[in-house]
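Student: The file below is start38.txt, compact mmCIF, C-alpha atoms:
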```txt
# COMPACT_ATOMS: atom_id res chain seq x y z
CA MET A 1 0.20 -18.32 -25.81
CA LYS A 2 0.85 -16.42 -22.57
CA LEU A 3 -0.51 -17.37 -19.15
CA GLY A 4 -1.58 -14.24 -17.29
CA ALA A 5 -3.56 -13.16 -14.24
CA GLN A 6 -6.84 -11.26 -14.09
CA LEU A 7 -6.06 -8.94 -11.16
CA PHE A 8 -9.72 -8.66 -10.15
CA SER A 9 -8.97 -11.91 -8.32
CA ILE A 10 -6.74 -9.97 -5.88
CA ARG A 11 -8.56 -6.64 -6.00
CA THR A 12 -8.40 -5.98 -2.25
CA HIS A 13 -4.61 -5.89 -2.63
CA LEU A 14 -4.68 -3.15 -5.27
CA GLN A 15 -6.05 -0.24 -3.29
CA ASN A 16 -2.95 1.95 -3.13
CA ALA A 17 0.26 2.35 -5.11
CA GLU A 18 2.50 0.41 -2.71
CA ASP A 19 0.14 -2.57 -2.53
CA LEU A 20 -0.21 -2.48 -6.31
CA ARG A 21 3.57 -2.74 -6.63
CA LYS A 22 3.81 -5.60 -4.12
CA SER A 23 0.95 -7.44 -5.82
CA PHE A 24 2.45 -7.16 -9.30
CA LEU A 25 5.74 -8.50 -7.97
CA ARG A 26 3.99 -11.38 -6.17
CA ILE A 27 2.07 -12.31 -9.33
CA LYS A 28 5.35 -12.22 -11.27
CA GLU A 29 7.03 -14.44 -8.67
CA ILE A 30 4.28 -17.03 -9.09
CA GLY A 31 5.20 -17.17 -12.77
CA TYR A 32 2.46 -15.26 -14.57
CA GLU A 33 3.58 -13.57 -17.78
CA ASN A 34 1.12 -10.67 -18.06
CA VAL A 35 -1.98 -9.25 -16.39
CA GLN A 36 -5.40 -7.77 -16.90
CA LEU A 37 -5.86 -4.66 -14.79
CA SER A 38 -9.23 -4.70 -13.04
CA GLY A 39 -10.46 -3.83 -9.56
CA ALA A 40 -7.61 -1.46 -8.67
CA ALA A 41 -8.18 1.85 -6.92
CA ALA A 42 -7.99 4.99 -9.03
CA MET A 43 -4.42 6.20 -9.34
CA PRO A 44 -2.30 8.05 -11.90
CA ALA A 45 -1.61 6.06 -15.06
CA GLU A 46 2.08 6.89 -14.70
CA ILE A 47 2.20 4.90 -11.44
CA ILE A 48 0.55 1.92 -13.12
CA ARG A 49 3.02 2.18 -16.00
CA ASP A 50 6.00 2.23 -13.64
CA VAL A 51 4.72 -0.76 -11.64
CA SER A 52 4.06 -2.71 -14.82
CA GLU A 53 7.55 -1.99 -16.15
CA GLU A 54 9.27 -2.70 -12.84
CA SER A 55 7.56 -6.07 -12.41
CA GLY A 56 7.96 -7.10 -16.04
CA LEU A 57 4.21 -7.74 -16.33
CA PRO A 58 2.62 -6.09 -19.40
CA ILE A 59 -1.03 -5.08 -19.05
CA VAL A 60 -2.78 -6.75 -21.99
CA CYS A 61 -6.34 -5.57 -21.27
CA THR A 62 -8.50 -3.92 -18.64
CA HIS A 63 -12.01 -3.64 -17.30
CA VAL A 64 -13.29 -0.06 -17.19
CA SER A 65 -16.69 1.02 -15.91
CA PHE A 66 -19.49 1.87 -18.33
CA ASP A 67 -19.70 5.38 -16.86
CA ARG A 68 -16.01 6.08 -17.50
CA LEU A 69 -16.19 4.59 -20.99
CA THR A 70 -19.14 6.73 -22.00
CA LYS A 71 -18.49 9.92 -20.03
CA ASP A 72 -14.70 10.15 -19.87
CA THR A 73 -13.62 8.31 -23.01
CA ASP A 74 -10.64 10.50 -23.88
CA THR A 75 -9.09 10.18 -20.42
CA VAL A 76 -9.56 6.41 -20.50
CA ILE A 77 -7.80 6.29 -23.87
CA GLU A 78 -4.93 8.47 -22.68
CA ASP A 79 -4.47 6.38 -19.52
CA HIS A 80 -4.22 3.17 -21.54
CA LYS A 81 -1.67 4.72 -23.85
CA ILE A 82 0.43 5.80 -20.86
CA PHE A 83 0.59 2.34 -19.31
CA GLY A 84 0.84 0.64 -22.68
CA CYS A 85 -2.36 -1.40 -22.75
CA PRO A 86 -3.83 -2.08 -26.21
CA VAL A 87 -7.31 -3.25 -25.14
CA ILE A 88 -9.95 -1.32 -23.20
CA GLY A 89 -12.47 -3.77 -21.78
CA LEU A 90 -15.94 -3.55 -20.31
CA GLY A 91 -16.75 -6.13 -17.65
CA SER A 92 -20.53 -6.25 -18.09
CA ILE A 93 -23.64 -4.60 -19.44
CA PRO A 94 -24.93 -2.30 -16.67
CA MET A 95 -27.81 -3.71 -14.63
CA GLU A 96 -30.43 -1.40 -16.12
CA PHE A 97 -29.80 -2.72 -19.64
CA ARG A 98 -29.71 -6.45 -18.87
CA ARG A 99 -32.12 -9.23 -19.74
CA THR A 100 -34.41 -7.40 -22.20
CA ARG A 101 -34.08 -6.79 -25.93
CA GLU A 102 -34.87 -3.11 -25.45
CA GLY A 103 -32.16 -2.80 -22.82
CA LEU A 104 -29.59 -4.46 -25.05
CA GLU A 105 -30.42 -2.12 -27.94
CA SER A 106 -30.08 0.92 -25.67
CA PHE A 107 -26.72 -0.31 -24.37
CA LEU A 108 -25.36 -0.95 -27.85
CA ALA A 109 -26.48 2.46 -29.07
CA GLN A 110 -24.67 4.20 -26.20
CA MET A 111 -21.49 2.24 -26.89
CA GLU A 112 -21.19 3.24 -30.55
CA GLU A 113 -19.42 6.56 -30.01
CA PRO A 114 -16.97 5.39 -27.28
CA VAL A 115 -15.96 2.34 -29.31
CA LYS A 116 -15.39 4.50 -32.39
CA ARG A 117 -13.20 6.91 -30.46
CA ILE A 118 -11.22 4.06 -28.92
CA ARG A 119 -10.54 2.63 -32.35
CA ASP A 120 -9.74 6.00 -33.88
CA ALA A 121 -7.08 6.32 -31.19
CA GLY A 122 -5.47 3.05 -32.30
CA LEU A 123 -6.74 0.89 -29.42
CA SER A 124 -9.22 -2.00 -29.29
CA PHE A 125 -12.43 -2.45 -27.31
CA ALA A 126 -13.44 -5.81 -25.84
CA TYR A 127 -16.53 -7.05 -23.97
CA HIS A 128 -16.47 -9.58 -21.11
CA ASN A 129 -19.49 -11.81 -20.58
CA HIS A 130 -21.32 -13.26 -17.61
CA ALA A 131 -24.10 -15.87 -17.76
CA PHE A 132 -27.08 -13.57 -18.32
CA GLU A 133 -26.05 -12.67 -21.89
CA LEU A 134 -26.37 -16.37 -22.77
CA GLU A 135 -29.81 -16.83 -21.26
CA PRO A 136 -33.22 -15.99 -22.81
CA PHE A 137 -34.54 -12.45 -22.48
CA VAL A 138 -36.90 -12.14 -19.50
CA ASP A 139 -39.38 -10.13 -21.58
CA GLY A 140 -39.89 -13.04 -23.96
CA SER A 141 -38.09 -11.40 -26.88
CA GLU A 142 -36.48 -13.72 -29.39
CA GLY A 143 -32.76 -14.25 -29.45
CA ILE A 144 -29.81 -14.59 -27.07
CA ALA A 145 -27.99 -11.36 -26.28
CA TYR A 146 -24.47 -12.77 -26.63
CA ASP A 147 -25.25 -14.43 -29.95
CA MET A 148 -26.76 -11.19 -31.22
CA MET A 149 -23.66 -9.28 -30.17
CA LEU A 150 -21.39 -11.77 -31.92
CA GLU A 151 -23.46 -11.59 -35.09
CA ARG A 152 -23.93 -7.83 -35.25
CA LEU A 153 -20.77 -6.35 -33.79
CA ASP A 154 -17.13 -6.36 -34.80
CA TRP A 155 -16.01 -5.88 -31.20
CA ASN A 156 -13.36 -8.03 -29.58
CA PHE A 157 -14.48 -10.26 -26.72
CA ILE A 158 -12.91 -11.43 -23.47
CA MET A 159 -14.76 -14.72 -23.12
CA ASP A 160 -15.25 -16.08 -19.62
CA THR A 161 -15.15 -19.88 -19.65
CA TYR A 162 -16.91 -20.27 -16.29
CA TRP A 163 -19.89 -18.10 -17.12
CA VAL A 164 -20.40 -19.71 -20.52
CA GLU A 165 -20.53 -23.13 -18.88
CA PHE A 166 -22.63 -21.81 -15.98
CA ALA A 167 -25.24 -20.76 -18.54
CA GLY A 168 -25.33 -24.33 -19.86
CA LYS A 169 -23.33 -23.62 -23.01
CA SER A 170 -20.03 -25.00 -24.28
CA ALA A 171 -16.91 -22.89 -23.86
CA VAL A 172 -15.28 -24.83 -26.69
CA ASP A 173 -18.17 -24.05 -29.03
CA TYR A 174 -18.10 -20.34 -28.21
CA ILE A 175 -14.35 -20.10 -28.67
CA ALA A 176 -14.87 -21.37 -32.22
CA LYS A 177 -17.88 -19.12 -32.75
CA ILE A 178 -16.02 -15.96 -31.68
CA GLY A 179 -12.79 -16.87 -33.50
CA GLY A 180 -9.24 -15.75 -32.92
CA ALA A 181 -9.59 -12.43 -34.74
CA ARG A 182 -11.97 -11.26 -31.99
CA LEU A 183 -10.75 -13.41 -29.07
CA HIS A 184 -7.27 -12.30 -28.09
CA ASN A 185 -7.81 -12.68 -24.33
CA ILE A 186 -9.80 -15.37 -22.54
CA HIS A 187 -10.61 -15.96 -18.88
CA PHE A 188 -9.89 -19.42 -17.49
CA LYS A 189 -12.08 -19.83 -14.42
CA ASP A 190 -13.09 -23.18 -12.92
CA MET A 191 -16.39 -24.43 -11.52
CA GLY A 192 -16.62 -26.47 -8.34
CA ASN A 193 -18.70 -29.60 -7.76
CA ASP A 194 -20.76 -28.00 -4.99
CA GLU A 195 -24.46 -27.19 -5.31
CA LYS A 196 -23.78 -23.51 -6.03
CA ARG A 197 -21.18 -24.37 -8.70
CA SER A 198 -18.81 -22.00 -6.94
CA ILE A 199 -15.69 -20.59 -8.57
CA CYS A 200 -12.56 -22.47 -7.56
CA PRO A 201 -8.87 -22.54 -8.57
CA CYS A 202 -8.33 -23.74 -12.11
CA GLY A 203 -7.76 -27.47 -12.20
CA ASN A 204 -9.67 -28.12 -8.99
CA GLY A 205 -13.12 -28.11 -10.61
CA THR A 206 -15.13 -29.52 -13.47
CA LEU A 207 -14.00 -27.60 -16.56
CA ASP A 208 -11.84 -29.50 -19.04
CA PHE A 209 -9.05 -26.98 -19.59
CA GLU A 210 -7.07 -29.29 -21.84
CA GLU A 211 -10.00 -29.35 -24.26
CA ILE A 212 -10.62 -25.63 -23.83
CA PHE A 213 -6.95 -24.81 -24.39
CA ALA A 214 -6.89 -26.94 -27.54
CA ALA A 215 -9.83 -24.85 -28.82
CA CYS A 216 -7.88 -21.69 -27.99
CA GLN A 217 -4.91 -22.99 -29.94
CA ARG A 218 -7.07 -23.74 -32.97
CA VAL A 219 -8.26 -20.14 -33.27
CA GLY A 220 -5.06 -18.42 -32.11
CA VAL A 221 -5.96 -16.91 -28.72
CA LYS A 222 -3.03 -14.84 -27.45
CA ASN A 223 -3.49 -14.69 -23.68
CA VAL A 224 -5.08 -17.01 -21.12
CA LEU A 225 -5.97 -14.95 -18.04
CA VAL A 226 -6.72 -16.77 -14.78
CA GLU A 227 -9.63 -15.27 -12.90
CA GLN A 228 -11.04 -16.30 -9.56
CA ASP A 229 -13.61 -13.72 -8.53
CA ASN A 230 -13.93 -15.08 -5.00
CA ALA A 231 -10.21 -15.57 -4.28
CA VAL A 232 -10.32 -12.46 -2.10
CA GLU A 233 -12.64 -14.35 0.28
CA SER A 234 -10.02 -17.05 0.94
CA PRO A 235 -7.27 -16.74 3.58
CA ASP A 236 -4.68 -16.15 0.84
CA ALA A 237 -5.85 -14.98 -2.59
CA PHE A 238 -2.34 -15.29 -3.95
CA ALA A 239 -2.19 -18.95 -2.89
CA ASP A 240 -5.31 -19.67 -4.93
CA MET A 241 -3.79 -17.90 -7.93
CA GLU A 242 -0.62 -19.95 -7.46
CA THR A 243 -2.67 -23.17 -7.40
CA SER A 244 -4.29 -22.20 -10.68
CA PHE A 245 -0.91 -21.39 -12.20
CA LYS A 246 0.62 -24.69 -11.16
CA ASN A 247 -2.37 -26.67 -12.43
CA LEU A 248 -2.43 -24.86 -15.78
CA ARG A 249 1.29 -24.51 -16.46
CA SER A 250 1.51 -27.96 -18.05
CA ILE A 251 -1.52 -27.21 -20.24
CA VAL A 252 -1.01 -23.61 -21.36
CA HIS A 253 2.15 -23.26 -23.43
```
Could you render the structure from this file as structure tokens?
Tutor:
Amino acid sequence: MKLGAQLFSIRTHLQNAEDLRKSFLRIKEIGYENVQLSGAAAMPAEIIRDVSEESGLPIVCTHVSFDRLTKDTDTVIEDHKIFGCPVIGLGSIPMEFRRTREGLESFLAQMEEPVKRIRDAGLSFAYHNHAFELEPFVDGSEGIAYDMMLERLDWNFIMDTYWVEFAGKSAVDYIAKIGGARLHNIHFKDMGNDEKRSICPCGNGTLDFEEIFAACQRVGVKNVLVEQDNAVESPDAFADMETSFKNLRSIVH
């Protein structure tokens, strides 16, 4: 299993080609083995490919906006083929479709054609969760959105350990429920002891990553991707990512 970095954690350092190059090299120096591309400024796919190859960091998945996925699907596919990424990811259901059964159904209907085209092109589609998909619908409808998606869809998923636990669920249970055939990439993200349950470097919080990693091993997860959404708010986002790497290196192997 590879230990990679979710680059959304350092997104303010990905806003031009030169900073992208420096950031990839810094992430490689820390010891990460691959990356998820997310939060970078728009730039030619050829530049991303060259940076990835130069740094020796393969891009194993991405987060692409709903608008790009649905309105510019072919370009998204071509870009991923250029920089060699096999998985096109969506980071969240758009706000207007969240928290109601009707909204979920509308979202899923609009995703049918893009997902089909992605697959027809030989790539995979994966969905990344937050907490709201694991909470009851606000309109009183029966069911839990994430459970419904797992039951009805044959999508891949990029499960976020923090948000599953934030919603009061068990990351270990959901790893087993999704299964390795649909869970190639997982986000390791830790939860602090403070009142807000803030995101913190992996190993500095409350999540039991040894137990979570053992669950990943059981189903055959391929890549553990460290994500710290709020690392950009700290004096040195790369230092936080290095802390996570050091704390996880003895666990993820």
Student: Dump as a Markdown table the rows for residues of stretch 148-192 of chain A within 12 Å of stretch 3-24 of chain A: closest atom pair and distance in Å with one decimal, only C-alpha atoms counted, ordered by chain and rising residue number.
Tutor:
```
| residue | atom | partner | partner_atom | distance |
| --- | --- | --- | --- | --- |
| A:Ile158 | CA | A:Gln6 | CA | 11.2 |
| A:Asp160 | CA | A:Gln6 | CA | 11.2 |
| A:Asn185 | CA | A:Gly4 | CA | 9.5 |
| A:Ile186 | CA | A:Gly4 | CA | 9.8 |
| A:His187 | CA | A:Gln6 | CA | 7.7 |
| A:Phe188 | CA | A:Gln6 | CA | 9.4 |
| A:Lys189 | CA | A:Gln6 | CA | 10.1 |
```
Student: As a ChimeraX atom specification, please: the residues near stretch 125-135 of chain A (cut-off 8 Å, only C-alpha atoms, same-chain neighbours under 5 positions excluded).
Tutor: /A:87-92,98-99,115,118-119,144-147,155-160,163-164,166-167,169
Student: Would you please work out which residue, of A:Ile199, A:Met149, A:Met95, A:Val35, is nearest to A:Asp240 when using all atoms listed in the file?
Tutor: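 Closest to A:Asp240, using all atoms listed in the file: A:Ile199.
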Student: List the spatial neighbours of stretch 48-53 of chain A as a list of chain:residue names - criterion: any atom at most 8 Å away, only C-alpha atoms, same-chain residues fewer than 2 positions off excluded.
Tutor: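 Those residues are A:Leu20, A:Arg21, A:Phe24, A:Met43, A:Pro44, A:Ala45, A:Glu46, A:Ser55, A:Gly56, A:Leu57, A:Pro58, A:Ile59, A:Ile82, A:Phe83, A:Gly84.
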Student: Keeping C-alpha atoms for every residue in the selection just given, could you write it to a file as a CSV table (one decimal), in the frame of the given file?
Tutor:
```
chain,number,residue,atom,x,y,z
A,20,LEU,CA,-0.2,-2.5,-6.3
A,21,ARG,CA,3.6,-2.7,-6.6
A,24,PHE,CA,2.4,-7.2,-9.3
A,43,MET,CA,-4.4,6.2,-9.3
A,44,PRO,CA,-2.3,8.0,-11.9
A,45,ALA,CA,-1.6,6.1,-15.1
A,46,GLU,CA,2.1,6.9,-14.7
A,55,SER,CA,7.6,-6.1,-12.4
A,56,GLY,CA,8.0,-7.1,-16.0
A,57,LEU,CA,4.2,-7.7,-16.3
A,58,PRO,CA,2.6,-6.1,-19.4
A,59,ILE,CA,-1.0,-5.1,-19.0
A,82,ILE,CA,0.4,5.8,-20.9
A,83,PHE,CA,0.6,2.3,-19.3
A,84,GLY,CA,0.8,0.6,-22.7
```
Student: Rounded to one decimal place, report the atom CA of A:Asn204-atom CA of A:Tyr32 distance in Å.
Tutor: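 Here the two named atoms are 18.5 Å from each other.
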Student: Would you compute the distance between atom CA of A:Gly168 and atom CA of A:Cys202? Give it in Å to one decimal.
Tutor: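 Interatomic distance, atom CA of A:Gly168 to atom CA of A:Cys202: 18.7 Å.
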Student: Quick one: pull the distance between atom CA of A:Ile178 and atom CA of A:Arg152, Å, one decimal.
Tutor: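 For atom CA of A:Ile178 relative to atom CA of A:Arg152, the distance reads 11.9 Å.
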Student: Give me the residues near A:Ile30 as a PyMOL selection string, where near means some atom within 8 Å (using all atoms listed in the file) and where sequence neighbours in that chain fewer than 4 positions away do not count.
Tutor: chain A and resi 26+242+245
Student: Using the atoms already present, construct N, CA and C atoms for stretch 28-55 of chain A and hand them back as a PDB file, keeping the file's coordinate frame.
Tutor:
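What landed in selection_10.pdb:
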```pdb
ATOM      1  N   LYS A  28       4.194 -11.874 -10.435  1.00  0.00           N
ATOM      2  CA  LYS A  28       5.350 -12.220 -11.270  1.00  0.00           C
ATOM      3  C   LYS A  28       6.135 -13.381 -10.662  1.00  0.00           C
ATOM      4  N   GLU A  29       6.299 -13.371  -9.346  1.00  0.00           N
ATOM      5  CA  GLU A  29       7.030 -14.440  -8.670  1.00  0.00           C
ATOM      6  C   GLU A  29       6.339 -15.789  -8.848  1.00  0.00           C
ATOM      7  N   ILE A  30       5.016 -15.787  -8.866  1.00  0.00           N
ATOM      8  CA  ILE A  30       4.280 -17.030  -9.090  1.00  0.00           C
ATOM      9  C   ILE A  30       4.625 -17.606 -10.457  1.00  0.00           C
ATOM     10  N   GLY A  31       4.835 -16.722 -11.430  1.00  0.00           N
ATOM     11  CA  GLY A  31       5.200 -17.170 -12.770  1.00  0.00           C
ATOM     12  C   GLY A  31       4.338 -16.627 -13.887  1.00  0.00           C
ATOM     13  N   TYR A  32       3.324 -15.834 -13.535  1.00  0.00           N
ATOM     14  CA  TYR A  32       2.460 -15.260 -14.570  1.00  0.00           C
ATOM     15  C   TYR A  32       3.247 -14.332 -15.483  1.00  0.00           C
ATOM     16  N   GLU A  33       2.810 -14.285 -16.753  1.00  0.00           N
ATOM     17  CA  GLU A  33       3.580 -13.570 -17.780  1.00  0.00           C
ATOM     18  C   GLU A  33       3.001 -12.201 -18.136  1.00  0.00           C
ATOM     19  N   ASN A  34       1.747 -11.967 -17.820  1.00  0.00           N
ATOM     20  CA  ASN A  34       1.120 -10.670 -18.060  1.00  0.00           C
ATOM     21  C   ASN A  34      -0.132 -10.576 -17.204  1.00  0.00           C
ATOM     22  N   VAL A  35      -0.813  -9.441 -17.255  1.00  0.00           N
ATOM     23  CA  VAL A  35      -1.980  -9.250 -16.390  1.00  0.00           C
ATOM     24  C   VAL A  35      -3.091  -8.497 -17.113  1.00  0.00           C
ATOM     25  N   GLN A  36      -4.280  -8.660 -16.584  1.00  0.00           N
ATOM     26  CA  GLN A  36      -5.400  -7.770 -16.900  1.00  0.00           C
ATOM     27  C   GLN A  36      -5.610  -6.889 -15.679  1.00  0.00           C
ATOM     28  N   LEU A  37      -5.656  -5.599 -15.885  1.00  0.00           N
ATOM     29  CA  LEU A  37      -5.860  -4.660 -14.790  1.00  0.00           C
ATOM     30  C   LEU A  37      -7.353  -4.459 -14.562  1.00  0.00           C
ATOM     31  N   SER A  38      -7.813  -4.834 -13.372  1.00  0.00           N
ATOM     32  CA  SER A  38      -9.230  -4.700 -13.040  1.00  0.00           C
ATOM     33  C   SER A  38      -9.360  -4.722 -11.527  1.00  0.00           C
ATOM     34  N   GLY A  39     -10.206  -3.839 -10.989  1.00  0.00           N
ATOM     35  CA  GLY A  39     -10.460  -3.830  -9.560  1.00  0.00           C
ATOM     36  C   GLY A  39      -9.505  -2.983  -8.749  1.00  0.00           C
ATOM     37  N   ALA A  40      -8.565  -2.298  -9.395  1.00  0.00           N
ATOM     38  CA  ALA A  40      -7.610  -1.460  -8.670  1.00  0.00           C
ATOM     39  C   ALA A  40      -8.236  -0.106  -8.334  1.00  0.00           C
ATOM     40  N   ALA A  41      -7.740   0.497  -7.270  1.00  0.00           N
ATOM     41  CA  ALA A  41      -8.180   1.850  -6.920  1.00  0.00           C
ATOM     42  C   ALA A  41      -7.702   2.826  -7.992  1.00  0.00           C
ATOM     43  N   ALA A  42      -8.407   3.953  -8.088  1.00  0.00           N
ATOM     44  CA  ALA A  42      -7.990   4.990  -9.030  1.00  0.00           C
ATOM     45  C   ALA A  42      -6.633   5.535  -8.620  1.00  0.00           C
ATOM     46  N   MET A  43      -5.736   5.613  -9.587  1.00  0.00           N
ATOM     47  CA  MET A  43      -4.420   6.200  -9.340  1.00  0.00           C
ATOM     48  C   MET A  43      -3.838   6.653 -10.672  1.00  0.00           C
ATOM     49  N   PRO A  44      -2.849   7.537 -10.652  1.00  0.00           N
ATOM     50  CA  PRO A  44      -2.300   8.050 -11.900  1.00  0.00           C
ATOM     51  C   PRO A  44      -1.788   6.932 -12.808  1.00  0.00           C
ATOM     52  N   ALA A  45      -2.040   7.077 -14.100  1.00  0.00           N
ATOM     53  CA  ALA A  45      -1.610   6.060 -15.060  1.00  0.00           C
ATOM     54  C   ALA A  45      -0.093   5.903 -15.065  1.00  0.00           C
ATOM     55  N   GLU A  46       0.623   6.968 -14.730  1.00  0.00           N
ATOM     56  CA  GLU A  46       2.080   6.890 -14.700  1.00  0.00           C
ATOM     57  C   GLU A  46       2.561   5.910 -13.621  1.00  0.00           C
ATOM     58  N   ILE A  47       1.838   5.853 -12.499  1.00  0.00           N
ATOM     59  CA  ILE A  47       2.200   4.900 -11.440  1.00  0.00           C
ATOM     60  C   ILE A  47       1.980   3.476 -11.925  1.00  0.00           C
ATOM     61  N   ILE A  48       0.849   3.251 -12.590  1.00  0.00           N
ATOM     62  CA  ILE A  48       0.550   1.920 -13.120  1.00  0.00           C
ATOM     63  C   ILE A  48       1.607   1.522 -14.152  1.00  0.00           C
ATOM     64  N   ARG A  49       1.983   2.459 -15.011  1.00  0.00           N
ATOM     65  CA  ARG A  49       3.020   2.180 -16.000  1.00  0.00           C
ATOM     66  C   ARG A  49       4.328   1.774 -15.326  1.00  0.00           C
ATOM     67  N   ASP A  50       4.736   2.518 -14.303  1.00  0.00           N
ATOM     68  CA  ASP A  50       6.000   2.230 -13.640  1.00  0.00           C
ATOM     69  C   ASP A  50       5.977   0.872 -12.951  1.00  0.00           C
ATOM     70  N   VAL A  51       4.847   0.539 -12.314  1.00  0.00           N
ATOM     71  CA  VAL A  51       4.720  -0.760 -11.640  1.00  0.00           C
ATOM     72  C   VAL A  51       4.762  -1.891 -12.657  1.00  0.00           C
ATOM     73  N   SER A  52       4.070  -1.697 -13.760  1.00  0.00           N
ATOM     74  CA  SER A  52       4.060  -2.710 -14.820  1.00  0.00           C
ATOM     75  C   SER A  52       5.472  -2.941 -15.352  1.00  0.00           C
ATOM     76  N   GLU A  53       6.189  -1.863 -15.606  1.00  0.00           N
ATOM     77  CA  GLU A  53       7.550  -1.990 -16.150  1.00  0.00           C
ATOM     78  C   GLU A  53       8.500  -2.597 -15.135  1.00  0.00           C
ATOM     79  N   GLU A  54       8.383  -2.187 -13.877  1.00  0.00           N
ATOM     80  CA  GLU A  54       9.270  -2.700 -12.840  1.00  0.00           C
ATOM     81  C   GLU A  54       9.089  -4.202 -12.642  1.00  0.00           C
ATOM     82  N   SER A  55       7.853  -4.654 -12.670  1.00  0.00           N
ATOM     83  CA  SER A  55       7.560  -6.070 -12.410  1.00  0.00           C
ATOM     84  C   SER A  55       7.790  -6.944 -13.644  1.00  0.00           C
TER      85      SER A  55
END
```
